[in-house]
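Heads up: the structure comes next, in structure tokens.
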Amino acid sequence: MRSLLQIVLTGALLVACTTVRAVQPADLSPSQPPTRVWVTYADHTTVVLDSARVSGDTLIGSVNGEPERIPLSAATFLRARRSSPERTAALWAALSVGALAAVAVPLITTNTYPKRAPPICALPDCFPF
């Protein structure tokens with residue numbers, strides 16, 4: 001159970017800190033190339049291009065391990081995974097609230113009141129004062 005929780009939290013961290021966004025060919029610079037680029041054609045089919053880079057008016061990369069060259073004029077939409085500061089901040093806020101709740105709830109729900117003293121008298125209908 002614990003390993004499942006670790007896998008889910010790790011997955012949440014990876015997903016929450018990035019998002020897939022529309023990019024322009026100029027954004028595919030050699031200084032910060034995306035790992036993958038999703039290329040959508042006019043007929044709404046999508047190809048995942050690994051190690052994509054732009055050379056002139058052509059997008060160069062590999063599809064399923066095979067080299068591929070796609071003219072930019074054939075692509076109608078380009079998307080790439082980028083960091084998302086907003087989602088990262090939301091994740092940290094959620095983790096902080098969760099950690100606070102994990103500490104506060106047991107403290108609040110623990111019965112810390114003193115127990116009542118036993119009755120003073122031994123009669124069955126006697127009430128403690």
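Ligands are numbered from 1 in the order shown, residues from 1 within each chain, and chains are lettered A, B, ... in the order they appear in the structure tokens.
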
> Residues at most 9 Å from segment 81-87 of chain A, counting only C-alpha atoms, excluding those fewer than 5 positions away in the same chain, as a ChimeraX atom specification?
Replying inline: /A:15-22,34-37,92

> DSSP says strand (DSSP E) for which residues of segment 36-65 of chain A? Put them as a ChimeraX atom specification?
Replying inline: /A:36-41,46-55,58-63

So which residues of segment 10-61 of chain A fall under alpha helix (DSSP H) by DSSP, listed as a compact mmCIF listing (two decimals) with N, CA and C atoms, in the first residue's frame?
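The resulting file, out16.txt, is shown below:
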# COMPACT_ATOMS: atom_id res chain seq x y z
N THR A 10 4.57 10.45 -6.69
CA THR A 10 5.61 10.76 -7.66
C THR A 10 4.98 11.13 -9.01
N GLY A 11 3.99 10.37 -9.42
CA GLY A 11 3.28 10.69 -10.67
C GLY A 11 2.61 12.05 -10.60
N ALA A 12 2.02 12.38 -9.46
CA ALA A 12 1.37 13.68 -9.30
C ALA A 12 2.39 14.81 -9.39
N LEU A 13 3.56 14.59 -8.80
CA LEU A 13 4.61 15.61 -8.88
C LEU A 13 5.04 15.84 -10.32
N LEU A 14 5.23 14.76 -11.06
CA LEU A 14 5.68 14.89 -12.44
C LEU A 14 4.62 15.54 -13.32
N VAL A 15 3.38 15.16 -13.12
CA VAL A 15 2.30 15.69 -13.95
C VAL A 15 1.96 17.12 -13.56
N ALA A 16 1.97 17.40 -12.28
CA ALA A 16 1.54 18.71 -11.82
C ALA A 16 2.53 19.82 -12.15

> Within 9 Å of segment 60-62 of chain A, counting only C-alpha atoms, which residues qualify if same-chain residues fewer than 6 places away don't, as a PyMOL selection string?
Replying inline: chain A and resi 48-54+68-71
